>>> print(open('model_33.pdb').read())   # PDB, C-alpha atoms
ATOM      1  CA  MET A  17      -7.948  -4.779 -10.742
ATOM      2  CA  LYS A  18      -7.614  -1.031 -10.331
ATOM      3  CA  PHE A  19      -6.956   0.479  -6.916
ATOM      4  CA  PHE A  20      -6.756   3.910  -5.315
ATOM      5  CA  ASP A  21      -4.004   4.470  -2.747
ATOM      6  CA  LEU A  22      -5.412   6.777  -0.027
ATOM      7  CA  PHE A  23      -3.073   7.940   2.769
ATOM      8  CA  ALA A  24      -0.420   6.484   0.481
ATOM      9  CA  GLY A  25       2.634   7.187   2.622
ATOM     10  CA  ILE A  26       5.642   6.025   0.630
ATOM     11  CA  GLY A  27       3.579   3.513  -1.339
ATOM     12  CA  GLY A  28       3.584   0.268   0.664
ATOM     13  CA  PHE A  29       0.150  -0.837  -0.512
ATOM     14  CA  ARG A  30       1.045   0.125  -4.062
ATOM     15  CA  ILE A  31       4.220  -1.956  -4.049
ATOM     16  CA  GLY A  32       2.337  -5.008  -2.816
ATOM     17  CA  LEU A  33      -0.660  -4.699  -5.114
ATOM     18  CA  GLU A  34       1.346  -3.878  -8.233
ATOM     19  CA  ALA A  35       3.593  -6.872  -7.528
ATOM     20  CA  HIS A  36       0.436  -8.978  -7.912
ATOM     21  CA  GLY A  37      -0.645  -7.391 -11.201
ATOM     22  CA  HIS A  38      -3.030  -4.699  -9.966
ATOM     23  CA  GLU A  39      -3.016  -1.151 -11.344
ATOM     24  CA  CYS A  40      -2.752   2.006  -9.241
ATOM     25  CA  ILE A  41      -5.000   4.668 -10.786
ATOM     26  CA  GLY A  42      -4.356   7.400  -8.235
ATOM     27  CA  SER A  43      -2.996   8.263  -4.823
ATOM     28  CA  CYS A  44      -3.364  10.801  -2.038
ATOM     29  CA  GLU A  45      -0.813  11.799   0.597
ATOM     30  CA  ILE A  46      -0.411  15.036   2.547
ATOM     31  CA  ASP A  47       2.969  14.550   4.240
ATOM     32  CA  LYS A  48       5.619  16.398   2.224
ATOM     33  CA  TYR A  49       8.407  13.951   3.095
ATOM     34  CA  ALA A  50       6.328  10.890   2.251
ATOM     35  CA  ARG A  51       5.363  12.565  -1.041
ATOM     36  CA  LYS A  52       9.062  12.987  -1.922
ATOM     37  CA  VAL A  53       9.855   9.330  -1.191
ATOM     38  CA  TYR A  54       6.747   8.266  -3.105
ATOM     39  CA  ALA A  55       8.014  10.284  -6.080
ATOM     40  CA  LYS A  56      11.385   8.515  -5.896
ATOM     41  CA  ASN A  57       9.628   5.147  -5.707
ATOM     42  CA  PHE A  58       7.147   5.729  -8.546
ATOM     43  CA  GLY A  59       8.377   8.665 -10.632
ATOM     44  CA  HIS A  60       5.677  11.111  -9.510
ATOM     45  CA  GLU A  61       4.163  12.501  -6.350
ATOM     46  CA  PRO A  62       0.656  11.410  -5.369
ATOM     47  CA  GLU A  63      -1.955  13.180  -7.509
ATOM     48  CA  PHE A  64      -3.904  14.436  -4.501
ATOM     49  CA  LYS A  65      -2.679  15.978  -1.229
ATOM     50  CA  ASP A  66      -5.313  16.560   1.439
ATOM     51  CA  VAL A  67      -8.088  13.975   1.647
ATOM     52  CA  ARG A  68     -10.318  16.577   3.310
ATOM     53  CA  GLU A  69     -10.206  18.663   0.118
ATOM     54  CA  LEU A  70     -10.701  15.688  -2.176
ATOM     55  CA  ASP A  71     -13.878  15.791  -4.237
ATOM     56  CA  THR A  72     -14.928  12.200  -4.863
ATOM     57  CA  LYS A  73     -16.261  13.258  -8.278
ATOM     58  CA  ASP A  74     -12.636  13.907  -9.297
ATOM     59  CA  LEU A  75     -11.587  10.333  -8.570
ATOM     60  CA  PRO A  76     -11.428   7.805 -11.395
ATOM     61  CA  GLU A  77     -13.297   4.522 -10.986
ATOM     62  CA  PHE A  78     -11.470   1.800  -9.057
ATOM     63  CA  ASP A  79     -12.117  -1.682  -7.668
ATOM     64  CA  ILE A  80     -10.149  -1.515  -4.401
ATOM     65  CA  LEU A  81      -9.567   1.317  -1.935
ATOM     66  CA  CYS A  82      -6.373   1.037   0.131
ATOM     67  CA  ALA A  83      -5.903   3.275   3.134
ATOM     68  CA  GLY A  84      -3.352   3.277   5.923
ATOM     69  CA  PHE A  85      -5.151   6.080   7.712
ATOM     70  CA  PRO A  86      -3.440   8.148  10.443
ATOM     71  CA  CYS A  87      -2.983   6.264  13.671
ATOM     72  CA  GLN A  88      -1.711   8.820  16.203
ATOM     73  CA  SER A  89      -5.194   9.363  17.650
ATOM     74  CA  PHE A  90      -5.624   5.650  18.386
ATOM     75  CA  SER A  91      -2.082   4.552  19.238
ATOM     76  CA  ALA A  92      -1.276   3.430  22.760
ATOM     77  CA  ALA A  93       1.893   5.531  22.376
ATOM     78  CA  GLY A  94      -0.051   8.571  21.121
ATOM     79  CA  ASN A  95      -2.507  10.984  22.669
ATOM     80  CA  ARG A  96      -5.515   8.619  22.258
ATOM     81  CA  HIS A  97      -7.959  11.436  21.470
ATOM     82  CA  GLY A  98      -9.660   9.275  18.824
ATOM     83  CA  PHE A  99     -12.481  10.914  16.895
ATOM     84  CA  SER A 100     -12.194  14.106  18.950
ATOM     85  CA  GLU A 101      -9.217  15.399  16.948
ATOM     86  CA  THR A 102      -8.761  16.018  13.224
ATOM     87  CA  ARG A 103      -6.465  13.070  12.473
ATOM     88  CA  GLY A 104      -8.854  10.754  14.273
ATOM     89  CA  THR A 105     -11.750  11.844  12.082
ATOM     90  CA  LEU A 106     -10.025  10.964   8.803
ATOM     91  CA  PHE A 107     -11.679   7.533   8.826
ATOM     92  CA  PHE A 108     -14.878   9.388   7.936
ATOM     93  CA  GLU A 109     -13.194  10.564   4.717
ATOM     94  CA  ILE A 110     -12.654   6.896   3.869
ATOM     95  CA  ALA A 111     -16.333   6.274   4.547
ATOM     96  CA  LYS A 112     -17.302   9.182   2.283
ATOM     97  CA  ILE A 113     -15.237   7.723  -0.564
ATOM     98  CA  LEU A 114     -16.622   4.211  -0.028
ATOM     99  CA  LYS A 115     -20.168   5.600  -0.076
ATOM    100  CA  ARG A 116     -19.640   7.585  -3.276
ATOM    101  CA  LYS A 117     -17.370   5.276  -5.300
ATOM    102  CA  LYS A 118     -18.597   1.882  -4.035
ATOM    103  CA  PRO A 119     -15.442  -0.093  -4.824
ATOM    104  CA  ASP A 120     -15.745  -3.879  -4.719
ATOM    105  CA  ALA A 121     -13.290  -4.120  -1.831
ATOM    106  CA  PHE A 122     -11.096  -2.167   0.554
ATOM    107  CA  ILE A 123      -7.997  -2.756   2.652
ATOM    108  CA  LEU A 124      -7.517  -0.567   5.719
ATOM    109  CA  GLU A 125      -4.503  -0.558   8.026
ATOM    110  CA  ASN A 126      -3.900   1.051  11.399
ATOM    111  CA  VAL A 127      -2.256   0.447  14.768
ATOM    112  CA  LYS A 128      -3.282  -2.564  16.824
ATOM    113  CA  ASN A 129      -4.783  -0.310  19.513
ATOM    114  CA  LEU A 130      -7.506   0.876  17.103
ATOM    115  CA  LYS A 131      -9.370  -2.306  18.039
ATOM    116  CA  TYR A 132      -9.204  -1.465  21.752
ATOM    117  CA  HIS A 133      -9.371   2.330  21.691
ATOM    118  CA  ASN A 134     -12.050   3.766  23.998
ATOM    119  CA  LYS A 135     -12.863   0.257  25.279
ATOM    120  CA  GLY A 136     -13.591  -0.940  21.732
ATOM    121  CA  GLN A 137     -16.229   1.725  21.039
ATOM    122  CA  THR A 138     -14.188   3.453  18.308
ATOM    123  CA  PHE A 139     -13.662   0.166  16.479
ATOM    124  CA  GLY A 140     -17.358  -0.670  16.887
ATOM    125  CA  ILE A 141     -18.334   2.619  15.243
ATOM    126  CA  ILE A 142     -15.977   1.928  12.335
ATOM    127  CA  MET A 143     -17.363  -1.588  11.852
ATOM    128  CA  ASP A 144     -20.969  -0.320  12.050
ATOM    129  CA  ILE A 145     -20.275   2.327   9.395
ATOM    130  CA  LEU A 146     -18.682  -0.232   7.068
ATOM    131  CA  ASP A 147     -21.738  -2.457   7.491
ATOM    132  CA  ILE A 148     -24.143   0.421   6.795
ATOM    133  CA  LEU A 149     -22.135   1.253   3.656
ATOM    134  CA  GLY A 150     -22.800  -2.258   2.348
ATOM    135  CA  TYR A 151     -19.579  -4.107   3.155
ATOM    136  CA  ARG A 152     -18.954  -7.490   4.751
ATOM    137  CA  VAL A 153     -15.801  -7.543   6.832
ATOM    138  CA  PRO A 154     -14.183 -10.887   7.652
ATOM    139  CA  ASP A 155     -12.581 -10.854  11.082
ATOM    140  CA  PRO A 156     -10.019  -8.040  11.077
ATOM    141  CA  GLN A 157      -6.573  -9.350  11.922
ATOM    142  CA  ILE A 158      -3.724  -7.988  13.959
ATOM    143  CA  ILE A 159      -0.581  -8.942  12.103
ATOM    144  CA  ASP A 160       2.934  -8.553  13.421
ATOM    145  CA  ALA A 161       5.430  -7.907  10.638
ATOM    146  CA  LYS A 162       8.432  -8.962  12.746
ATOM    147  CA  LYS A 163       8.919 -11.989  10.496
ATOM    148  CA  ILE A 164       9.585  -9.766   7.477
ATOM    149  CA  VAL A 165      10.992  -6.523   8.931
ATOM    150  CA  PRO A 166      13.522  -6.154  11.759
ATOM    151  CA  GLN A 167      11.067  -4.778  14.305
ATOM    152  CA  HIS A 168       8.014  -5.799  16.283
ATOM    153  CA  ARG A 169       5.282  -3.981  14.327
ATOM    154  CA  GLU A 170       1.705  -4.978  15.053
ATOM    155  CA  ARG A 171      -0.959  -3.553  12.767
ATOM    156  CA  ILE A 172      -4.656  -4.208  12.355
ATOM    157  CA  PHE A 173      -5.855  -4.969   8.850
ATOM    158  CA  ILE A 174      -9.514  -4.556   7.983
ATOM    159  CA  VAL A 175     -10.542  -6.042   4.654
ATOM    160  CA  GLY A 176     -14.055  -5.625   3.321
ATOM    161  CA  PHE A 177     -16.110  -6.687   0.313
ATOM    162  CA  ARG A 178     -19.386  -5.367  -1.091
ATOM    163  CA  LYS A 179     -22.189  -7.478   0.354
ATOM    164  CA  LYS A 180     -23.475  -8.325  -3.115
ATOM    165  CA  PHE A 181     -20.295 -10.342  -3.823
ATOM    166  CA  ARG A 182     -19.352 -13.784  -2.644
ATOM    167  CA  TYR A 183     -15.789 -14.005  -1.521
ATOM    168  CA  ASP A 184     -13.444 -16.569  -0.102
ATOM    169  CA  PHE A 185     -10.906 -14.523   1.795
ATOM    170  CA  GLN A 186      -8.368 -15.588   4.369
ATOM    171  CA  PHE A 187      -5.538 -13.527   5.676
ATOM    172  CA  PRO A 188      -2.193 -14.893   4.535
ATOM    173  CA  THR A 189       0.199 -16.524   6.939
ATOM    174  CA  ILE A 190       3.421 -14.557   7.204
ATOM    175  CA  THR A 191       6.480 -16.759   7.074
ATOM    176  CA  GLN A 192      10.098 -15.929   7.783
ATOM    177  CA  LYS A 193      12.125 -14.952   4.723
TER     178      LYS A 193
END
>>> encode(input="model_33.pdb", output="structure tokens")
Amino acid sequence: MKFFDLFAGIGGFRIGLEAHGHECIGSCEIDKYARKVYAKNFGHEPEFKDVRELDTKDLPEFDILCAGFPCQSFSAAGNRHGFSETRGTLFFEIAKILKRKKPDAFILENVKNLKYHNKGQTFGIIMDILDILGYRVPDPQIIDAKKIVPQHRERIFIVGFRKKFRYDFQFPTITQK
């Protein structure tokens, strides 16, 4: 399957998906340091920089959208301004791409606190938008990567599929390496 790597960072989603035979057809990352590491990892910088300037008509067709969208606005350690600051509104860029491109599936990642931000209202808005856009979302999972990296790192993963598709999806169990 073909995927687009939005908010690509240094390419974590890309590494995982390519390791399972999927093809990255494009990426977007604004951070200049992440772009340099991405270039070292993959031989080129992400094709797009600022998601806010991205015209969805310029994107090739893809089956999966991956996005580890900025978390500072939702993090318990951050300012918690949510949708009231620019970084917090970048989820709506994801929604715009999902609406226009209609990929079969998406994988979103953020900090654990996204689920609880603003007493759960922020997360509720996100889930409502995904539903309106035609996606079924199995129960999002908070996964702690401490079994595979040397730090306690809890992240929420939201996986969705177009409602017209049947799917049998379960989050994997992370085991110690």
>>> atom_distance(input="model_33.pdb", atom1="atom CA of A:Ile158", atom2="atom CA of A:Gly136")
14.4 Å
>>> resolve_selection(input="model_33.pdb", expression="the PyMOL selection byres ((chain A and resi 33-46) around 6)", output="list of chain:residue names")
A:Met17, A:Lys18, A:Phe19, A:Phe20, A:Asp21, A:Leu22, A:Phe23, A:Ala24, A:Arg30, A:Ile31, A:Gly32, A:Asp47, A:Pro62, A:Glu63, A:Phe64, A:Lys65, A:Asp66
>>> atom_distance(input="model_33.pdb", atom1="atom CA of A:Gly84", atom2="atom CA of A:Lys135")
21.8 Å
>>> resolve_selection(input="model_33.pdb", expression="the PyMOL selection byres ((chain A and resi 182-188) around 10)", output="number ranges by chain")
A: 152-157, 159, 173, 175-181, 189-191
>>> write_last_selection(input="model_33.pdb", atoms="C-alpha atoms", output="PDB file, keeping the file's coordinate frame")
ATOM      1  CA  ARG A 152     -18.954  -7.490   4.751  1.00  0.00           C
ATOM      2  CA  VAL A 153     -15.801  -7.543   6.832  1.00  0.00           C
ATOM      3  CA  PRO A 154     -14.183 -10.887   7.652  1.00  0.00           C
ATOM      4  CA  ASP A 155     -12.581 -10.854  11.082  1.00  0.00           C
ATOM      5  CA  PRO A 156     -10.019  -8.040  11.077  1.00  0.00           C
ATOM      6  CA  GLN A 157      -6.573  -9.350  11.922  1.00  0.00           C
ATOM      7  CA  ILE A 159      -0.581  -8.942  12.103  1.00  0.00           C
ATOM      8  CA  PHE A 173      -5.855  -4.969   8.850  1.00  0.00           C
ATOM      9  CA  VAL A 175     -10.542  -6.042   4.654  1.00  0.00           C
ATOM     10  CA  GLY A 176     -14.055  -5.625   3.321  1.00  0.00           C
ATOM     11  CA  PHE A 177     -16.110  -6.687   0.313  1.00  0.00           C
ATOM     12  CA  ARG A 178     -19.386  -5.367  -1.091  1.00  0.00           C
ATOM     13  CA  LYS A 179     -22.189  -7.478   0.354  1.00  0.00           C
ATOM     14  CA  LYS A 180     -23.475  -8.325  -3.115  1.00  0.00           C
ATOM     15  CA  PHE A 181     -20.295 -10.342  -3.823  1.00  0.00           C
ATOM     16  CA  THR A 189       0.199 -16.524   6.939  1.00  0.00           C
ATOM     17  CA  ILE A 190       3.421 -14.557   7.204  1.00  0.00           C
ATOM     18  CA  THR A 191       6.480 -16.759   7.074  1.00  0.00           C
TER      19      THR A 191
END
>>> closest_residue(input="model_33.pdb", among="A:Phe108, A:Lys56, A:Ile174, A:Pro119", to="A:Ile145", atoms="all atoms listed in the file")
A:Phe108
>>> resolve_selection(input="model_33.pdb", expression="the PyMOL selection byres ((chain A and resi 160) around 8)", output="PDB file with C-alpha atoms, in the frame of the given file")
ATOM      1  CA  ILE A 158      -3.724  -7.988  13.959  1.00  0.00           C
ATOM      2  CA  ILE A 159      -0.581  -8.942  12.103  1.00  0.00           C
ATOM      3  CA  ALA A 161       5.430  -7.907  10.638  1.00  0.00           C
ATOM      4  CA  LYS A 162       8.432  -8.962  12.746  1.00  0.00           C
ATOM      5  CA  LYS A 163       8.919 -11.989  10.496  1.00  0.00           C
ATOM      6  CA  HIS A 168       8.014  -5.799  16.283  1.00  0.00           C
ATOM      7  CA  ARG A 169       5.282  -3.981  14.327  1.00  0.00           C
ATOM      8  CA  GLU A 170       1.705  -4.978  15.053  1.00  0.00           C
ATOM      9  CA  ARG A 171      -0.959  -3.553  12.767  1.00  0.00           C
TER      10      ARG A 171
END
>>> closest_residue(input="model_33.pdb", among="A:Asn57, A:Leu146, A:Lys52, A:Ile113", to="A:Gly28", atoms="only C-alpha atoms")
A:Asn57
>>> atom_distance(input="model_33.pdb", atom1="atom CA of A:Leu130", atom2="atom CA of A:Ala83")
14.3 Å
>>> closest_residue(input="model_33.pdb", among="A:Val127, A:Asp120, A:Gly27, A:Tyr132", to="A:Tyr54", atoms="all atoms listed in the file")
A:Gly27
>>> closest_residue(input="model_33.pdb", among="A:Arg51, A:Arg68, A:His60, A:Lys73", to="A:Lys117", atoms="all atoms listed in the file")
A:Lys73
>>> closest_residue(input="model_33.pdb", among="A:Ala50, A:Ile110, A:Ile142, A:Leu124", to="A:Thr72", atoms="only C-alpha atoms")
A:Ile110
>>> closest_residue(input="model_33.pdb", among="A:Met143, A:Ala55, A:Ile80, A:Leu149", to="A:Ala111", atoms="all atoms listed in the file")
A:Leu149
>>> decode(input="model_33.pdb", residues="stretch 118-159 of chain A", atoms="C-alpha atoms", output="JSON list (two decimals), in the first residue's frame")
[["chain", "number", "residue", "atom", "x", "y", "z"],
["A", 118, "LYS", "CA", -10.13, 9.94, 1.16],
["A", 119, "PRO", "CA", -7.41, 7.39, 1.92],
["A", 120, "ASP", "CA", -8.57, 3.93, 2.99],
["A", 121, "ALA", "CA", -6.97, 4.32, 6.41],
["A", 122, "PHE", "CA", -5.01, 6.63, 8.68],
["A", 123, "ILE", "CA", -2.69, 6.34, 11.67],
["A", 124, "LEU", "CA", -2.45, 9.33, 13.99],
["A", 125, "GLU", "CA", -0.13, 9.68, 16.98],
["A", 126, "ASN", "CA", 0.02, 12.21, 19.78],
["A", 127, "VAL", "CA", 0.66, 12.54, 23.51],
["A", 128, "LYS", "CA", -1.47, 10.55, 25.94],
["A", 129, "ASN", "CA", -3.00, 13.76, 27.33],
["A", 130, "LEU", "CA", -4.76, 14.45, 24.00],
["A", 131, "LYS", "CA", -7.45, 12.05, 25.21],
["A", 132, "TYR", "CA", -7.97, 14.05, 28.42],
["A", 133, "HIS", "CA", -7.25, 17.59, 27.25],
["A", 134, "ASN", "CA", -10.00, 20.07, 28.17],
["A", 135, "LYS", "CA", -11.86, 17.34, 30.10],
["A", 136, "GLY", "CA", -11.99, 15.15, 26.98],
["A", 137, "GLN", "CA", -13.73, 17.78, 24.83],
["A", 138, "THR", "CA", -10.78, 18.19, 22.44],
["A", 139, "PHE", "CA", -10.60, 14.45, 21.84],
["A", 140, "GLY", "CA", -14.38, 14.32, 21.38],
["A", 141, "ILE", "CA", -14.18, 16.98, 18.66],
["A", 142, "ILE", "CA", -11.43, 15.04, 16.88],
["A", 143, "MET", "CA", -13.42, 11.80, 17.03],
["A", 144, "ASP", "CA", -16.60, 13.55, 15.80],
["A", 145, "ILE", "CA", -14.73, 15.04, 12.83],
["A", 146, "LEU", "CA", -13.26, 11.66, 11.89],
["A", 147, "ASP", "CA", -16.75, 10.15, 12.01],
["A", 148, "ILE", "CA", -18.22, 12.95, 9.87],
["A", 149, "LEU", "CA", -15.40, 12.40, 7.35],
["A", 150, "GLY", "CA", -16.52, 8.78, 6.94],
["A", 151, "TYR", "CA", -14.07, 6.87, 9.14],
["A", 152, "ARG", "CA", -14.61, 4.16, 11.73],
["A", 153, "VAL", "CA", -12.12, 4.36, 14.57],
["A", 154, "PRO", "CA", -11.53, 1.28, 16.73],
["A", 155, "ASP", "CA", -10.80, 2.22, 20.32],
["A", 156, "PRO", "CA", -7.74, 4.49, 20.27],
["A", 157, "GLN", "CA", -4.97, 3.06, 22.41],
["A", 158, "ILE", "CA", -2.44, 4.61, 24.72],
["A", 159, "ILE", "CA", 0.75, 2.66, 24.20]]
